[in-house]
Amino acid sequence: MLLKMFARSLHIHSPCWGAEKSLLATLRKKTGYTFTNCKKALELHQNDLIQAEKWLNQQAQALGWSKATKLEGRQTTQGLVAVTVNNSDAAIVEVNCETDFVARNKTFQEMVEIAAQTCLHFAEQQPHATKPLTKISLDSTQLCRLQTTNGKTLSDQLALTIGSLGENAILRRAMCFKADKGIHLSVYAHPSGTQQNSVLLGRLGGLVAMRQKIDKEVDMENLGKNLCQHVVGMDPKKIGTSDDEPSPNSDDETCLIYQEYIVDDSITVNEVLDENGIEIVDFKRFECGENTSDGVPLSNVETCQ
């Protein structure tokens, strides 16, 4: 008799438990939080998935701010550089963390993607200057204030990430390019292959703005990618002009136009540009953890001829 009652009980309750397990699995996959926290969230909100996720994020937010305060000051030399482009707007951003292990974590990479997309959206909202190219630098404080598409600031989003990962992280710097008609923007990140949606991730990133001087058939996408790869790999300090003297030792060359082209070291970048009727308007290179200033005031907007 007892065995029959037990079997009947299993038959009655197993579908309900199965549904709860499914909700629990869905919530864990969607949020990345622990089994215990997800189970608690569902119990508190009568298995309402939307409310449970909202509660988890609120808890993580509070925990993130708490952890961010405790972890503040801990060295963050690892991380990622992200680059993204959408027609006439592009952005490059650096987000730092403590360890390379966290830099490879999907949650951290998603945070970097959000930062890059937020910067790109910010660039798209800015008015065009009177010059062909506008550059806007953002420091850590300015990045934290930007609002994401979900209504949170990047600072709030970072707190969520810190709460989830338990490691210090900072929004270090960013630069946005806003191009006028006739300027082509290209981006590249190294090591290549890591991508979150339309955002390229790596330890180094490059952004190049170029335009045609003469009307001829040129594969701008491929050439732009190669020039970005050159900027990332060869680390030029300036574009250079005919007034600059090439370095006697090619390995020490810092002018972009006089450097040996990374795709074909038998020719210089200048020869590639001349062959294709192209000129470089400007470029930017970020290396994760490099020693440099975090940026310039938002009001300091540069324009290029």
# chains A, B, ... in the order shown; residues from 1 in each chain; ligands from 1
>>> select_by_dssp(residues="region 176-224 of chain A", states="helix (DSSP H, G or I)", output="list in words")
Met220, Glu221, Asn222, Leu223 and Gly224 of chain A
>>> write_last_selection(atoms="C-alpha atoms", output="PDB file, in the first residue's frame")
ATOM      1  CA  MET A 220      38.732  49.123 -49.680  1.00  0.00           C
ATOM      2  CA  GLU A 221      37.590  46.429 -47.246  1.00  0.00           C
ATOM      3  CA  ASN A 222      40.608  44.202 -47.806  1.00  0.00           C
ATOM      4  CA  LEU A 223      43.110  47.070 -48.024  1.00  0.00           C
ATOM      5  CA  GLY A 224      41.650  48.657 -44.891  1.00  0.00           C
TER       6      GLY A 224
END
>>> residues_around(residues="Thr254 (chain A)", least_positions_apart="6", cutoff="10 Å", atoms="only C-alpha atoms", output="mmCIF file with N, CA, C and O atoms, in the first residue's frame")
data_model
loop_
_atom_site.group_PDB
_atom_site.id
_atom_site.type_symbol
_atom_site.label_atom_id
_atom_site.label_comp_id
_atom_site.auth_asym_id
_atom_site.auth_seq_id
_atom_site.Cartn_x
_atom_site.Cartn_y
_atom_site.Cartn_z
ATOM 1 N N MET A 234 52.950 46.784 -36.359
ATOM 2 C CA MET A 234 54.178 47.574 -36.492
ATOM 3 C C MET A 234 54.221 48.802 -35.572
ATOM 4 O O MET A 234 55.265 49.432 -35.440
ATOM 5 N N ASP A 235 53.120 49.148 -34.973
ATOM 6 C CA ASP A 235 53.037 50.218 -33.976
ATOM 7 C C ASP A 235 53.669 51.540 -34.437
ATOM 8 O O ASP A 235 54.570 52.077 -33.778
ATOM 9 N N PRO A 236 53.213 52.114 -35.565
ATOM 10 C CA PRO A 236 53.734 53.417 -35.984
ATOM 11 C C PRO A 236 53.284 54.510 -35.015
ATOM 12 O O PRO A 236 52.238 54.389 -34.386
ATOM 13 N N LYS A 237 54.093 55.561 -34.898
ATOM 14 C CA LYS A 237 53.775 56.647 -33.966
ATOM 15 C C LYS A 237 53.068 57.810 -34.669
ATOM 16 O O LYS A 237 52.404 58.607 -34.022
ATOM 17 N N LYS A 238 53.236 57.914 -35.980
ATOM 18 C CA LYS A 238 52.547 58.943 -36.748
ATOM 19 C C LYS A 238 52.467 58.507 -38.202
ATOM 20 O O LYS A 238 53.172 57.582 -38.633
ATOM 21 N N ILE A 239 51.626 59.197 -38.974
ATOM 22 C CA ILE A 239 51.481 58.846 -40.391
ATOM 23 C C ILE A 239 52.755 59.163 -41.145
ATOM 24 O O ILE A 239 53.260 58.342 -41.906
ATOM 25 N N GLY A 240 53.272 60.373 -40.937
ATOM 26 C CA GLY A 240 54.483 60.815 -41.625
ATOM 27 C C GLY A 240 54.145 61.582 -42.894
ATOM 28 O O GLY A 240 53.080 61.395 -43.493
ATOM 29 N N PRO A 246 63.222 59.186 -43.615
ATOM 30 C CA PRO A 246 63.129 57.776 -43.241
ATOM 31 C C PRO A 246 64.284 57.378 -42.331
ATOM 32 O O PRO A 246 65.399 57.904 -42.454
ATOM 33 N N SER A 247 64.036 56.479 -41.419
ATOM 34 C CA SER A 247 65.078 56.004 -40.515
ATOM 35 C C SER A 247 66.094 55.152 -41.288
ATOM 36 O O SER A 247 65.712 54.376 -42.164
#
>>> residues_around(residues="region 90-94 of chain A", least_positions_apart="4", cutoff="10 Å", atoms="only C-alpha atoms", output="PDB file with C-alpha atoms, in the first residue's frame")
ATOM      1  CA  GLY A  79      41.849  42.440 -20.235  1.00  0.00           C
ATOM      2  CA  LEU A  80      40.730  43.084 -23.778  1.00  0.00           C
ATOM      3  CA  VAL A  81      40.661  45.696 -26.505  1.00  0.00           C
ATOM      4  CA  ALA A  82      37.495  45.802 -28.616  1.00  0.00           C
ATOM      5  CA  VAL A  83      36.911  47.430 -32.004  1.00  0.00           C
ATOM      6  CA  THR A  84      33.719  47.863 -33.976  1.00  0.00           C
ATOM      7  CA  VAL A  85      32.609  49.841 -37.021  1.00  0.00           C
ATOM      8  CA  ASN A  86      29.292  50.759 -38.611  1.00  0.00           C
ATOM      9  CA  VAL A 112      33.584  44.342 -23.316  1.00  0.00           C
ATOM     10  CA  GLU A 113      31.190  43.915 -26.241  1.00  0.00           C
ATOM     11  CA  ALA A 115      31.186  48.728 -23.794  1.00  0.00           C
ATOM     12  CA  ALA A 116      32.199  48.798 -27.475  1.00  0.00           C
ATOM     13  CA  GLN A 117      28.611  48.879 -28.753  1.00  0.00           C
ATOM     14  CA  THR A 118      27.770  51.648 -26.267  1.00  0.00           C
ATOM     15  CA  CYS A 119      30.723  53.718 -27.494  1.00  0.00           C
ATOM     16  CA  LEU A 120      29.680  53.143 -31.108  1.00  0.00           C
ATOM     17  CA  HIS A 121      26.131  54.256 -30.302  1.00  0.00           C
ATOM     18  CA  PHE A 122      27.553  57.332 -28.569  1.00  0.00           C
ATOM     19  CA  ALA A 123      29.569  58.166 -31.703  1.00  0.00           C
ATOM     20  CA  GLU A 124      26.486  57.765 -33.895  1.00  0.00           C
ATOM     21  CA  LYS A 135      37.892  61.908 -33.080  1.00  0.00           C
ATOM     22  CA  ILE A 136      36.455  61.782 -29.565  1.00  0.00           C
ATOM     23  CA  SER A 137      38.518  60.402 -26.676  1.00  0.00           C
ATOM     24  CA  LEU A 138      36.800  59.039 -23.573  1.00  0.00           C
ATOM     25  CA  ASP A 139      38.541  58.416 -20.257  1.00  0.00           C
ATOM     26  CA  SER A 140      37.442  55.988 -17.554  1.00  0.00           C
ATOM     27  CA  LEU A 143      32.971  55.760 -20.119  1.00  0.00           C
ATOM     28  CA  ILE A 170      37.822  48.794 -14.991  1.00  0.00           C
ATOM     29  CA  LEU A 171      36.647  50.652 -18.069  1.00  0.00           C
ATOM     30  CA  ARG A 172      39.947  52.225 -19.013  1.00  0.00           C
ATOM     31  CA  ARG A 173      39.612  54.297 -22.205  1.00  0.00           C
ATOM     32  CA  ALA A 174      38.012  54.574 -25.609  1.00  0.00           C
ATOM     33  CA  MET A 175      38.211  56.543 -28.820  1.00  0.00           C
ATOM     34  CA  CYS A 176      35.463  57.126 -31.364  1.00  0.00           C
ATOM     35  CA  PHE A 177      35.923  58.026 -35.032  1.00  0.00           C
ATOM     36  CA  LYS A 178      33.107  59.812 -36.863  1.00  0.00           C
ATOM     37  CA  ALA A 179      33.764  60.093 -40.579  1.00  0.00           C
ATOM     38  CA  LEU A 185      36.869  53.215 -41.652  1.00  0.00           C
ATOM     39  CA  SER A 186      38.443  49.822 -40.938  1.00  0.00           C
ATOM     40  CA  VAL A 187      39.121  47.916 -37.702  1.00  0.00           C
ATOM     41  CA  TYR A 188      41.214  44.925 -36.660  1.00  0.00           C
ATOM     42  CA  ALA A 189      41.974  43.084 -33.406  1.00  0.00           C
ATOM     43  CA  VAL A 199      32.722  43.439 -32.135  1.00  0.00           C
ATOM     44  CA  LEU A 200      36.280  42.153 -32.609  1.00  0.00           C
ATOM     45  CA  LEU A 201      38.206  41.336 -29.410  1.00  0.00           C
ATOM     46  CA  GLY A 202      41.930  40.963 -28.755  1.00  0.00           C
ATOM     47  CA  ARG A 203      44.854  42.195 -26.711  1.00  0.00           C
ATOM     48  CA  LEU A 204      45.602  44.749 -29.418  1.00  0.00           C
ATOM     49  CA  GLY A 205      43.277  46.711 -31.644  1.00  0.00           C
ATOM     50  CA  GLY A 206      43.580  49.114 -34.534  1.00  0.00           C
ATOM     51  CA  LEU A 207      41.358  51.636 -36.273  1.00  0.00           C
ATOM     52  CA  VAL A 208      42.251  53.269 -39.602  1.00  0.00           C
ATOM     53  CA  ALA A 209      40.543  56.084 -41.527  1.00  0.00           C
ATOM     54  CA  LYS A 284      44.550  54.681 -33.566  1.00  0.00           C
ATOM     55  CA  ARG A 285      46.138  51.699 -31.861  1.00  0.00           C
ATOM     56  CA  PHE A 286      45.382  50.322 -28.379  1.00  0.00           C
ATOM     57  CA  GLU A 287      47.448  47.699 -26.590  1.00  0.00           C
ATOM     58  CA  CYS A 288      45.930  46.195 -23.477  1.00  0.00           C
ATOM     59  CA  GLY A 289      47.773  47.307 -20.343  1.00  0.00           C
ATOM     60  CA  ASP A 294      43.556  57.228 -19.945  1.00  0.00           C
TER      61      ASP A 294
END
>>> residues_around(residues="Thr161 (chain A)", least_positions_apart="2", cutoff="10 Å", atoms="only C-alpha atoms", output="ChimeraX atom specification")
/A:60-61,64-65,68,107-111,155-159,163-169
>>> select_by_dssp(residues="region 153-265 of chain A", states="strand (DSSP E)", output="compact mmCIF listing (two decimals) with all heavy atoms, in the first residue's frame")
# COMPACT_ATOMS: atom_id res chain seq x y z
N ALA A 169 37.70 44.93 -12.16
CA ALA A 169 37.71 45.27 -13.59
C ALA A 169 37.46 46.76 -13.73
O ALA A 169 36.78 47.37 -12.89
CB ALA A 169 36.65 44.48 -14.35
N ILE A 170 38.01 47.36 -14.75
CA ILE A 170 37.82 48.79 -14.99
C ILE A 170 37.58 49.07 -16.47
O ILE A 170 38.07 48.36 -17.34
CB ILE A 170 39.03 49.64 -14.51
CG1 ILE A 170 40.30 49.28 -15.30
CG2 ILE A 170 39.25 49.51 -13.03
CD1 ILE A 170 41.43 50.28 -15.12
N LEU A 171 36.78 50.11 -16.72
CA LEU A 171 36.65 50.65 -18.07
C LEU A 171 37.76 51.67 -18.22
O LEU A 171 37.72 52.73 -17.61
CB LEU A 171 35.28 51.32 -18.22
CG LEU A 171 34.07 50.40 -18.10
CD1 LEU A 171 32.85 51.18 -17.65
CD2 LEU A 171 33.81 49.69 -19.42
N ARG A 172 38.76 51.38 -19.02
CA ARG A 172 39.95 52.22 -19.01
C ARG A 172 39.88 53.43 -19.94
O ARG A 172 40.10 54.56 -19.55
CB ARG A 172 41.19 51.40 -19.35
CG ARG A 172 42.46 52.23 -19.18
CD ARG A 172 43.71 51.49 -19.50
NE ARG A 172 44.87 52.35 -19.27
CZ ARG A 172 46.09 52.11 -19.72
NH1 ARG A 172 46.32 51.02 -20.40
NH2 ARG A 172 47.07 52.93 -19.48
N ARG A 173 39.56 53.20 -21.22
CA ARG A 173 39.61 54.30 -22.20
C ARG A 173 38.92 53.87 -23.48
O ARG A 173 38.69 52.68 -23.73
CB ARG A 173 41.07 54.67 -22.51
CG ARG A 173 41.88 53.47 -23.00
CD ARG A 173 43.30 53.81 -23.38
NE ARG A 173 44.06 52.61 -23.66
CZ ARG A 173 45.12 52.54 -24.46
NH1 ARG A 173 45.55 53.63 -25.08
NH2 ARG A 173 45.77 51.41 -24.64
N ALA A 174 38.61 54.85 -24.30
CA ALA A 174 38.01 54.57 -25.61
C ALA A 174 38.28 55.75 -26.54
O ALA A 174 38.59 56.85 -26.09
CB ALA A 174 36.51 54.33 -25.48
N MET A 175 38.17 55.48 -27.83
CA MET A 175 38.21 56.54 -28.82
C MET A 175 37.19 56.23 -29.91
O MET A 175 37.07 55.09 -30.35
CB MET A 175 39.60 56.72 -29.44
CG MET A 175 39.61 57.79 -30.53
SD MET A 175 41.27 58.28 -31.07
CE MET A 175 41.73 59.40 -29.76
N CYS A 176 36.46 57.26 -30.31
CA CYS A 176 35.46 57.13 -31.36
C CYS A 176 35.91 57.92 -32.59
O CYS A 176 36.43 59.02 -32.46
CB CYS A 176 34.11 57.65 -30.90
SG CYS A 176 33.49 56.88 -29.40
N PHE A 177 35.71 57.34 -33.76
CA PHE A 177 35.92 58.03 -35.03
C PHE A 177 34.56 58.27 -35.67
O PHE A 177 33.74 57.34 -35.74
CB PHE A 177 36.76 57.17 -35.99
CG PHE A 177 38.25 57.28 -35.80
CD1 PHE A 177 38.80 57.79 -34.64
CD2 PHE A 177 39.12 56.86 -36.81
CE1 PHE A 177 40.17 57.86 -34.47
CE2 PHE A 177 40.49 56.94 -36.65
CZ PHE A 177 41.02 57.45 -35.47
N LYS A 178 34.34 59.49 -36.13
CA LYS A 178 33.11 59.81 -36.86
C LYS A 178 33.52 60.42 -38.19
O LYS A 178 34.09 61.51 -38.23
CB LYS A 178 32.25 60.79 -36.05
CG LYS A 178 30.85 60.97 -36.63
CD LYS A 178 29.98 61.76 -35.68
CE LYS A 178 28.54 61.78 -36.18
NZ LYS A 178 27.90 60.43 -36.11
N ALA A 179 33.25 59.70 -39.27
CA ALA A 179 33.76 60.09 -40.58
C ALA A 179 32.69 60.73 -41.44
O ALA A 179 31.51 60.39 -41.36
CB ALA A 179 34.33 58.87 -41.30
N HIS A 184 36.75 56.08 -45.45
CA HIS A 184 36.48 54.67 -45.17
C HIS A 184 37.14 54.29 -43.84
O HIS A 184 38.32 54.57 -43.62
CB HIS A 184 37.04 53.78 -46.30
CG HIS A 184 36.77 52.32 -46.08
ND1 HIS A 184 35.61 51.70 -46.48
CD2 HIS A 184 37.53 51.37 -45.48
CE1 HIS A 184 35.66 50.42 -46.15
NE2 HIS A 184 36.81 50.20 -45.54
N LEU A 185 36.36 53.63 -42.96
CA LEU A 185 36.87 53.22 -41.65
C LEU A 185 37.04 51.70 -41.62
O LEU A 185 36.16 50.96 -42.07
CB LEU A 185 35.90 53.64 -40.54
CG LEU A 185 35.64 55.14 -40.39
CD1 LEU A 185 34.61 55.39 -39.28
CD2 LEU A 185 36.92 55.90 -40.09
N SER A 186 38.17 51.26 -41.08
CA SER A 186 38.44 49.82 -40.94
C SER A 186 38.95 49.54 -39.53
O SER A 186 39.58 50.39 -38.91
CB SER A 186 39.50 49.36 -41.95
OG SER A 186 39.01 49.49 -43.28
N VAL A 187 38.67 48.31 -39.04
CA VAL A 187 39.12 47.92 -37.70
C VAL A 187 39.74 46.52 -37.75
O VAL A 187 39.45 45.73 -38.65
CB VAL A 187 37.96 47.94 -36.68
CG1 VAL A 187 37.42 49.35 -36.50
CG2 VAL A 187 36.84 46.99 -37.10
N TYR A 188 40.57 46.24 -36.75
CA TYR A 188 41.21 44.93 -36.66
C TYR A 188 41.63 44.69 -35.21
O TYR A 188 42.03 45.63 -34.52
CB TYR A 188 42.45 44.86 -37.57
CG TYR A 188 43.24 43.57 -37.46
CD1 TYR A 188 42.81 42.41 -38.10
CD2 TYR A 188 44.41 43.52 -36.72
CE1 TYR A 188 43.53 41.23 -38.01
CE2 TYR A 188 45.14 42.34 -36.62
CZ TYR A 188 44.70 41.20 -37.26
OH TYR A 188 45.41 40.04 -37.16
N ALA A 189 41.53 43.45 -34.75
CA ALA A 189 41.97 43.08 -33.41
C ALA A 189 42.87 41.86 -33.49
O ALA A 189 42.67 40.99 -34.34
CB ALA A 189 40.79 42.82 -32.49
N HIS A 190 43.86 41.79 -32.61
CA HIS A 190 44.80 40.66 -32.58
C HIS A 190 44.96 40.18 -31.13
O HIS A 190 45.05 41.00 -30.23
CB HIS A 190 46.16 41.11 -33.12
CG HIS A 190 47.19 40.01 -33.10
ND1 HIS A 190 47.28 39.06 -34.10
CD2 HIS A 190 48.15 39.71 -32.19
CE1 HIS A 190 48.27 38.23 -33.80
NE2 HIS A 190 48.80 38.59 -32.66
N GLN A 195 35.25 37.03 -31.48
CA GLN A 195 34.28 38.03 -31.91
C GLN A 195 32.98 37.85 -31.13
O GLN A 195 32.51 36.74 -30.91
CB GLN A 195 34.01 37.90 -33.41
CG GLN A 195 33.07 38.95 -33.96
CD GLN A 195 33.01 38.93 -35.48
OE1 GLN A 195 33.86 38.33 -36.14
NE2 GLN A 195 32.02 39.56 -36.05
N GLN A 196 32.44 38.98 -30.66
CA GLN A 196 31.12 39.00 -30.04
C GLN A 196 30.22 39.83 -30.95
O GLN A 196 30.36 41.04 -31.04
CB GLN A 196 31.20 39.64 -28.65
CG GLN A 196 31.89 38.79 -27.60
CD GLN A 196 30.98 37.71 -27.03
OE1 GLN A 196 29.78 37.75 -27.20
NE2 GLN A 196 31.56 36.73 -26.38
N VAL A 199 31.58 42.87 -32.86
CA VAL A 199 32.72 43.44 -32.13
C VAL A 199 33.90 42.47 -32.17
O VAL A 199 33.75 41.29 -31.82
CB VAL A 199 32.34 43.75 -30.67
CG1 VAL A 199 33.54 44.30 -29.91
CG2 VAL A 199 31.18 44.75 -30.62
N LEU A 200 35.06 42.96 -32.59
CA LEU A 200 36.28 42.15 -32.61
C LEU A 200 37.03 42.37 -31.30
O LEU A 200 37.19 43.50 -30.84
CB LEU A 200 37.17 42.54 -33.78
CG LEU A 200 36.56 42.42 -35.18
CD1 LEU A 200 37.55 42.93 -36.23
CD2 LEU A 200 36.17 40.99 -35.49
N LEU A 201 37.52 41.27 -30.70
CA LEU A 201 38.21 41.34 -29.41
C LEU A 201 39.63 40.81 -29.52
O LEU A 201 39.88 39.85 -30.24
CB LEU A 201 37.45 40.50 -28.37
CG LEU A 201 35.96 40.80 -28.15
CD1 LEU A 201 35.35 39.77 -27.21
CD2 LEU A 201 35.77 42.20 -27.62
N GLY A 202 40.55 41.42 -28.79
CA GLY A 202 41.93 40.96 -28.76
C GLY A 202 42.71 41.72 -27.70
O GLY A 202 42.16 42.54 -26.97
N LEU A 204 45.25 43.54 -28.68
CA LEU A 204 45.60 44.75 -29.42
C LEU A 204 44.49 45.05 -30.41
O LEU A 204 43.86 44.13 -30.94
CB LEU A 204 46.93 44.59 -30.17
CG LEU A 204 48.17 44.21 -29.35
CD1 LEU A 204 48.44 42.72 -29.51
CD2 LEU A 204 49.38 45.00 -29.83
N GLY A 205 44.29 46.33 -30.68
CA GLY A 205 43.28 46.71 -31.64
C GLY A 205 43.72 47.91 -32.45
O GLY A 205 44.51 48.74 -31.97
N GLY A 206 43.22 48.00 -33.67
CA GLY A 206 43.58 49.11 -34.53
C GLY A 206 42.36 49.65 -35.27
O GLY A 206 41.42 48.92 -35.56
N LEU A 207 42.43 50.95 -35.55
CA LEU A 207 41.36 51.64 -36.27
C LEU A 207 42.02 52.57 -37.28
O LEU A 207 42.89 53.35 -36.92
CB LEU A 207 40.52 52.43 -35.26
CG LEU A 207 39.08 52.81 -35.58
CD1 LEU A 207 38.42 53.38 -34.33
CD2 LEU A 207 38.98 53.81 -36.70
N VAL A 208 41.63 52.47 -38.54
CA VAL A 208 42.25 53.27 -39.60
C VAL A 208 41.17 54.00 -40.39
O VAL A 208 40.14 53.41 -40.75
CB VAL A 208 43.10 52.40 -40.55
CG1 VAL A 208 43.49 53.17 -41.80
CG2 VAL A 208 44.34 51.87 -39.85
N ALA A 209 41.42 55.28 -40.65
CA ALA A 209 40.54 56.08 -41.53
C ALA A 209 41.34 56.44 -42.77
O ALA A 209 42.46 56.96 -42.69
CB ALA A 209 40.09 57.35 -40.81
N MET A 210 40.79 56.14 -43.96
CA MET A 210 41.51 56.42 -45.20
C MET A 210 40.53 56.91 -46.27
O MET A 210 39.31 56.74 -46.14
CB MET A 210 42.26 55.17 -45.68
CG MET A 210 41.36 53.98 -45.98
SD MET A 210 42.31 52.51 -46.42
CE MET A 210 41.00 51.40 -46.94
N ARG A 211 41.06 57.50 -47.33
CA ARG A 211 40.22 57.96 -48.43
C ARG A 211 40.99 57.86 -49.74
O ARG A 211 42.23 57.85 -49.77
CB ARG A 211 39.74 59.39 -48.20
CG ARG A 211 40.83 60.42 -48.13
CD ARG A 211 40.26 61.79 -47.81
NE ARG A 211 41.30 62.71 -47.38
CZ ARG A 211 41.06 63.85 -46.74
NH1 ARG A 211 39.83 64.22 -46.47
NH2 ARG A 211 42.06 64.63 -46.38
N GLN A 212 40.25 57.82 -50.85
CA GLN A 212 40.86 57.76 -52.17
C GLN A 212 41.20 59.16 -52.66
O GLN A 212 40.39 60.08 -52.57
CB GLN A 212 39.91 57.09 -53.16
CG GLN A 212 39.79 55.59 -52.98
CD GLN A 212 39.00 54.95 -54.10
OE1 GLN A 212 37.79 55.06 -54.14
NE2 GLN A 212 39.69 54.26 -55.01
>>> atom_distance(atom1="CA of Thr149 (chain A)", atom2="CA of Ile114 (chain A)")
8.8 Å
>>> residues_around(residues="Phe35 (chain A)", least_positions_apart="5", cutoff="12 Å", atoms="only C-alpha atoms", output="list in words")
Lys21, Leu23, Leu24, Ala25, Thr26, Leu27, Arg28, Lys29, Lys40, Ala41, Leu42 and Leu56 of chain A
>>> write_last_selection(atoms="N, CA and C atoms", output="JSON list (two decimals), in the first residue's frame")
[["chain", "number", "residue", "atom", "x", "y", "z"],
["A", 21, "LYS", "N", 12.68, 22.25, -13.03],
["A", 21, "LYS", "CA", 14.06, 21.99, -13.48],
["A", 21, "LYS", "C", 14.34, 22.71, -14.79],
["A", 23, "LEU", "N", 12.85, 25.48, -15.84],
["A", 23, "LEU", "CA", 12.97, 26.90, -15.54],
["A", 23, "LEU", "C", 14.32, 27.22, -14.93],
["A", 24, "LEU", "N", 14.76, 26.33, -14.03],
["A", 24, "LEU", "CA", 16.06, 26.52, -13.37],
["A", 24, "LEU", "C", 17.19, 26.49, -14.38],
["A", 25, "ALA", "N", 17.13, 25.53, -15.30],
["A", 25, "ALA", "CA", 18.17, 25.42, -16.33],
["A", 25, "ALA", "C", 18.17, 26.65, -17.23],
["A", 26, "THR", "N", 16.97, 27.12, -17.59],
["A", 26, "THR", "CA", 16.83, 28.30, -18.45],
["A", 26, "THR", "C", 17.42, 29.53, -17.76],
["A", 27, "LEU", "N", 17.10, 29.69, -16.48],
["A", 27, "LEU", "CA", 17.57, 30.86, -15.73],
["A", 27, "LEU", "C", 19.09, 30.84, -15.56],
["A", 28, "ARG", "N", 19.63, 29.67, -15.29],
["A", 28, "ARG", "CA", 21.09, 29.54, -15.13],
["A", 28, "ARG", "C", 21.80, 29.86, -16.44],
["A", 29, "LYS", "N", 21.27, 29.33, -17.54],
["A", 29, "LYS", "CA", 21.90, 29.57, -18.85],
["A", 29, "LYS", "C", 21.83, 31.04, -19.24],
["A", 40, "LYS", "N", 16.78, 29.94, -5.53],
["A", 40, "LYS", "CA", 16.21, 30.87, -4.55],
["A", 40, "LYS", "C", 15.37, 31.93, -5.25],
["A", 41, "ALA", "N", 15.86, 32.43, -6.36],
["A", 41, "ALA", "CA", 15.14, 33.47, -7.10],
["A", 41, "ALA", "C", 13.79, 32.96, -7.59],
["A", 42, "LEU", "N", 13.75, 31.73, -8.10],
["A", 42, "LEU", "CA", 12.50, 31.15, -8.58],
["A", 42, "LEU", "C", 11.53, 30.89, -7.44],
["A", 56, "LEU", "N", 17.70, 38.58, -9.47],
["A", 56, "LEU", "CA", 19.11, 38.15, -9.51],
["A", 56, "LEU", "C", 20.02, 39.29, -9.93]]
>>> closest_residue(among="A:Thr36, A:Thr31, A:Thr268, A:Thr99", to="Leu49 (chain A)", atoms="only C-alpha atoms")
A:Thr31
>>> atom_distance(atom1="CA of His128 (chain A)", atom2="CA of Asp282 (chain A)")
16.5 Å
>>> closest_residue(among="A:Leu133, A:Glu279, A:Thr194, A:Ser250", to="Arg104 (chain A)", atoms="only C-alpha atoms")
A:Thr194
>>> residues_around(residues="Ile214 (chain A)", least_positions_apart="2", cutoff="8 Å", atoms="only C-alpha atoms", output="list in words")
Gln212, Lys216, Gly277 and Ile278 of chain A
>>> atom_distance(atom1="CA of Gln51 (chain A)", atom2="CA of Lys30 (chain A)")
13.2 Å
